[in-house]
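Read the structure below first, then the notes.
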Amino acid sequence: MGYRHTHSPSLMCGCIKLQFKACNPVMDATPGVADPAIQQIIGELIGSVDALAGTLTDRIVDVELPYLADNAENRRRLYDSGHANLTAILQHLNGSRPLRLESARAGSRTASADFVEFTTESWAIVDRMSDAIATAYRETEHRLVHADAEAHARLVRDLFDARPESPGRTLETLRALRLPEQARFAVLAAETGDPGAAPGTEAARLLRRHHIPSVWDIHTGTHLGLICAPPTSDLDTHLTAVASLFPARVGVSRLFTEPTALPAALTEARLALLCSPPGQPAMVRYDSAPLPLLLIHLPDAARTAAADIFGPLLALPDAARTELLTTLQTWFACDGSTTATARMLHCHRNTILYRLHKIRDLTGRDCDNPAQAAELYLALQTELLLGAREPAPGTSE
């Protein structure tokens with residue numbers, strides 16, 4: 001009866017187990033199997049050892065070492081090892097030679113070494129790929145965040161470049177920034193000595209704590225902020241708190257409820273900022289400083305009037321001129337009280353009276369006369385606000 005090796009999975013399994021079984025390098029020779037039928041089967045298997053080795057290699061690759069499927073050289077080494085092992089086993093079974101398993105051990109060591117090397121390289125590749133993916137993710141995230149920030153900055157810049165003749169664009173930009181269209185709005189302008197400073201970061205954070213949205217930008221050395229307060233919020237209190245964050249002059253527009261009034265409010269805030277003397281931090285509301293606004297709107301006329309009112313006083317040496325103007329400014333701040341003025345300036349009351357009389361002699365205007373005192377006040381405010389000023393926005397200069 002013939003023997004077909006393709007239908008002997010138990011024998012193949014036995015061969016695979018024998019191939020990887022740990023044993024002594026040389027086993028004692030054993031007599032071959034005496035049964036003629038078995039001898040015939042063994043003879044047929046020896047004649048088919050090439051096909052058996054091929055089948056064995058395929059099964060080992062499929063089950064144990066799939067990474068060798070595309071590696072012809074290593075697959076060939078596995079085939080040669082299996083072929084030698086099968087031949088040795090079958091020849092041992094028919095008694096023609098003792099069993100030697102050095103080739104099995106060598107094949108096992110080669111396969112194990114290949115597997116370890118493959119696994120190490122695989123994990124190294126996984127690590128490199130993971131690092132590359134993480135780096136690419138971070139870079140992409142950074143680019144997206146940067147792109148979002150740039151897009152937001154452009155929208156804010158467009159908002160603060162609003163023109164009265166383009167109300168529709170103002171509304172579109174407001175919506176793109178997700179700002180409310182119905183609110184109590186105010187524009188705040190604050191000086192900054194650092195053009196690279198982040199625009200209104202602390203102010204925006206403070207307002208956010210009170211659920212008040214705002215946007216900020218820097219234009220020509222000035223922080224600009226649009227504040228959008230809910231109708232029920234105490235906007236005046238919040239404006240005062242925000243203004244205290246800026247160590248310089250601050251101007252605030254009138255409150256408005258229509259977003260299309262933004263261009264006018266921007267001008268108001270910038271003008272209100274100029275209504276306090278340079279170098280003197282203060283918050284000025286546009287609707288609370290009529291005289292400074294008049295002077296800023298008409299700087300040429302104001303300077304001409306101040307020169308006529310002060311006359312020879314302006315020609316005094318710097319120290320003498322500054323002393324008299326400081327005395328006059330303090331006297332007005334103290335509501336015309338010479339005693340309070342002397343206390344503020346740390347001098348005797350008679351010294352204040354002497355200086356006021358000197359002002360009267362130089363200008364022809366007496367502080368005790370209300371109308372003449374008003375002229376002195378106008379000239380003093382012009383000197384404080386416009387002494388060395390760049391042209392104000394919207395003025396005749």
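Ligands are numbered from 1 in the order shown, chains are lettered A, B, ... in the order of the structure tokens, and residues start at 1 in each chain.
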request  = Please report, as JSON, numbers by chain, each residue of region 159-296 of chain A to which DSSP assigns helix (DSSP H, G or I) when run on this structure's backbone.
outcome  = {"A": [159, 160, 167, 168, 169, 170, 171, 172, 173, 174, 175, 176, 201, 202, 203, 204, 205, 206, 207, 208, 209, 235, 236, 237, 238, 239, 240, 241, 242, 243, 259, 260, 261, 262, 263, 264, 265, 266, 267, 268, 269, 270, 271, 272, 273, 286, 287, 288, 290, 291, 292, 293, 294, 295, 296]}
Taking C-alpha atoms for each residue, export the selection above as a tab-separated table (two decimals), in the first residue's frame.
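part_27.tsv, freshly written:
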```
chain	number	residue	atom	x	y	z
A	159	LEU	CA	-12.62	95.87	13.44
A	160	PHE	CA	-10.49	98.75	14.73
A	167	PRO	CA	-21.38	99.65	8.74
A	168	GLY	CA	-22.06	96.26	7.15
A	169	ARG	CA	-18.39	95.31	7.32
A	170	THR	CA	-18.28	96.25	11.00
A	171	LEU	CA	-21.20	93.95	11.74
A	172	GLU	CA	-19.67	91.09	9.74
A	173	THR	CA	-16.38	91.41	11.60
A	174	LEU	CA	-18.18	91.52	14.93
A	175	ARG	CA	-19.99	88.29	14.09
A	176	ALA	CA	-16.79	86.62	12.87
A	201	THR	CA	-3.95	90.72	27.93
A	202	GLU	CA	-4.55	91.49	31.60
A	203	ALA	CA	-7.56	93.67	30.79
A	204	ALA	CA	-9.20	90.90	28.75
A	205	ARG	CA	-8.53	88.39	31.54
A	206	LEU	CA	-10.06	90.70	34.17
A	207	LEU	CA	-13.18	91.30	32.07
A	208	ARG	CA	-13.57	87.59	31.31
A	209	ARG	CA	-13.83	86.90	35.02
A	235	LEU	CA	-19.73	98.91	33.15
A	236	ASP	CA	-18.44	102.08	34.85
A	237	THR	CA	-16.87	100.04	37.66
A	238	HIS	CA	-15.28	97.62	35.22
A	239	LEU	CA	-13.89	100.47	33.10
A	240	THR	CA	-12.23	101.99	36.16
A	241	ALA	CA	-10.72	98.62	37.09
A	242	VAL	CA	-9.41	98.05	33.56
A	243	ALA	CA	-7.95	101.56	33.34
A	259	PRO	CA	-22.05	98.41	16.81
A	260	THR	CA	-22.12	100.72	13.79
A	261	ALA	CA	-21.13	103.59	16.14
A	262	LEU	CA	-17.70	101.98	16.61
A	263	PRO	CA	-15.74	104.31	14.26
A	264	ALA	CA	-16.93	107.41	16.13
A	265	ALA	CA	-16.23	105.75	19.49
A	266	LEU	CA	-12.63	104.98	18.43
A	267	THR	CA	-12.06	108.67	17.70
A	268	GLU	CA	-13.64	109.65	21.02
A	269	ALA	CA	-11.40	107.30	23.00
A	270	ARG	CA	-8.25	108.57	21.29
A	271	LEU	CA	-9.21	112.19	21.91
A	272	ALA	CA	-10.14	111.49	25.54
A	273	LEU	CA	-6.68	109.98	26.06
A	286	TYR	CA	-14.89	111.67	26.54
A	287	ASP	CA	-18.08	113.14	27.98
A	288	SER	CA	-16.37	114.47	31.14
A	290	PRO	CA	-15.32	119.46	27.48
A	291	LEU	CA	-12.61	122.11	27.81
A	292	PRO	CA	-9.63	119.83	27.05
A	293	LEU	CA	-11.55	118.44	24.07
A	294	LEU	CA	-12.15	121.97	22.79
A	295	LEU	CA	-8.45	122.78	23.07
A	296	ILE	CA	-7.43	119.55	21.32
```
request  = Find the residues around region 349-360 of chain A up to 9 Å (only C-alpha atoms counted), leave out those fewer than 4 positions away in its own chain, and share them as a ChimeraX atom specification.
outcome  = /A:310,313,323-325,327-328,331,338-343,345,364-367
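The two atoms in question, CA of Glu121 (chain A) and CA of Ala134 (chain A), are spaced 19.7 Å apart.
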Surrounding residues of region 210-216 of chain A excluding itself and chain neighbours under 2 positions, 6 Å, only C-alpha atoms, as a list in words =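 Once the nearby chain positions are removed, what remains is Pro199, Gly200, Leu207, Arg208, Leu224, Gly225, Leu226, Ile227, Cys228 and Ala229 of chain A.
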Just write the chosen residues, N, CA and C atoms, as a compact mmCIF listing (two decimals), in the first residue's frame.
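What ended up in again31.txt:
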```txt
# COMPACT_ATOMS: atom_id res chain seq x y z
N PRO A 199 -1.43 93.09 23.46
CA PRO A 199 -2.49 94.08 23.61
C PRO A 199 -3.56 93.67 24.61
N GLY A 200 -3.61 94.38 25.71
CA GLY A 200 -4.71 94.22 26.66
C GLY A 200 -4.89 92.85 27.25
N LEU A 207 -11.80 91.20 32.54
CA LEU A 207 -13.18 91.30 32.07
C LEU A 207 -13.83 89.93 31.91
N ARG A 208 -13.03 88.95 31.47
CA ARG A 208 -13.57 87.59 31.31
C ARG A 208 -14.08 87.03 32.62
N LEU A 224 -5.91 99.54 22.11
CA LEU A 224 -7.32 99.78 21.83
C LEU A 224 -8.12 98.57 22.25
N GLY A 225 -9.21 98.82 22.96
CA GLY A 225 -10.05 97.72 23.40
C GLY A 225 -11.51 98.02 23.17
N LEU A 226 -12.23 97.04 22.62
CA LEU A 226 -13.68 97.15 22.50
C LEU A 226 -14.28 96.26 23.58
N ILE A 227 -15.05 96.88 24.46
CA ILE A 227 -15.63 96.18 25.60
C ILE A 227 -17.13 96.03 25.35
N CYS A 228 -17.63 94.80 25.47
CA CYS A 228 -19.03 94.48 25.15
C CYS A 228 -19.70 93.97 26.42
N ALA A 229 -20.29 94.86 27.18
CA ALA A 229 -20.85 94.48 28.47
C ALA A 229 -22.33 94.17 28.36
```
task = Within 8 Å of Leu274 (chain A), counting only C-alpha atoms, which residues show up once you throw out same-chain ones fewer than 6 positions away? Write them as a VMD selection string, please.
result = chain A and resid 249 251 296 385 392
query = What is the CA of Leu155 (chain A) to CA of Thr222 (chain A) distance in Å?
reply =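 Spanning CA of Leu155 (chain A) to CA of Thr222 (chain A) is a straight-line distance of 17.8 Å.
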query = Pick from A:Glu383, A:Glu258, A:Asp368, A:Asp234: nearest to Ala307 (chain A), with only C-alpha atoms counted?
reply =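 Among the listed residues, the smallest separation from Ala307 (chain A) belongs to A:Glu383.
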query = For Asp300 (chain A), which residue out of A:Pro231, A:Thr382, A:Gln329, A:Gln372 is the nearest one, using only C-alpha atoms?
reply =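 Nearest to Asp300 (chain A): A:Thr382.
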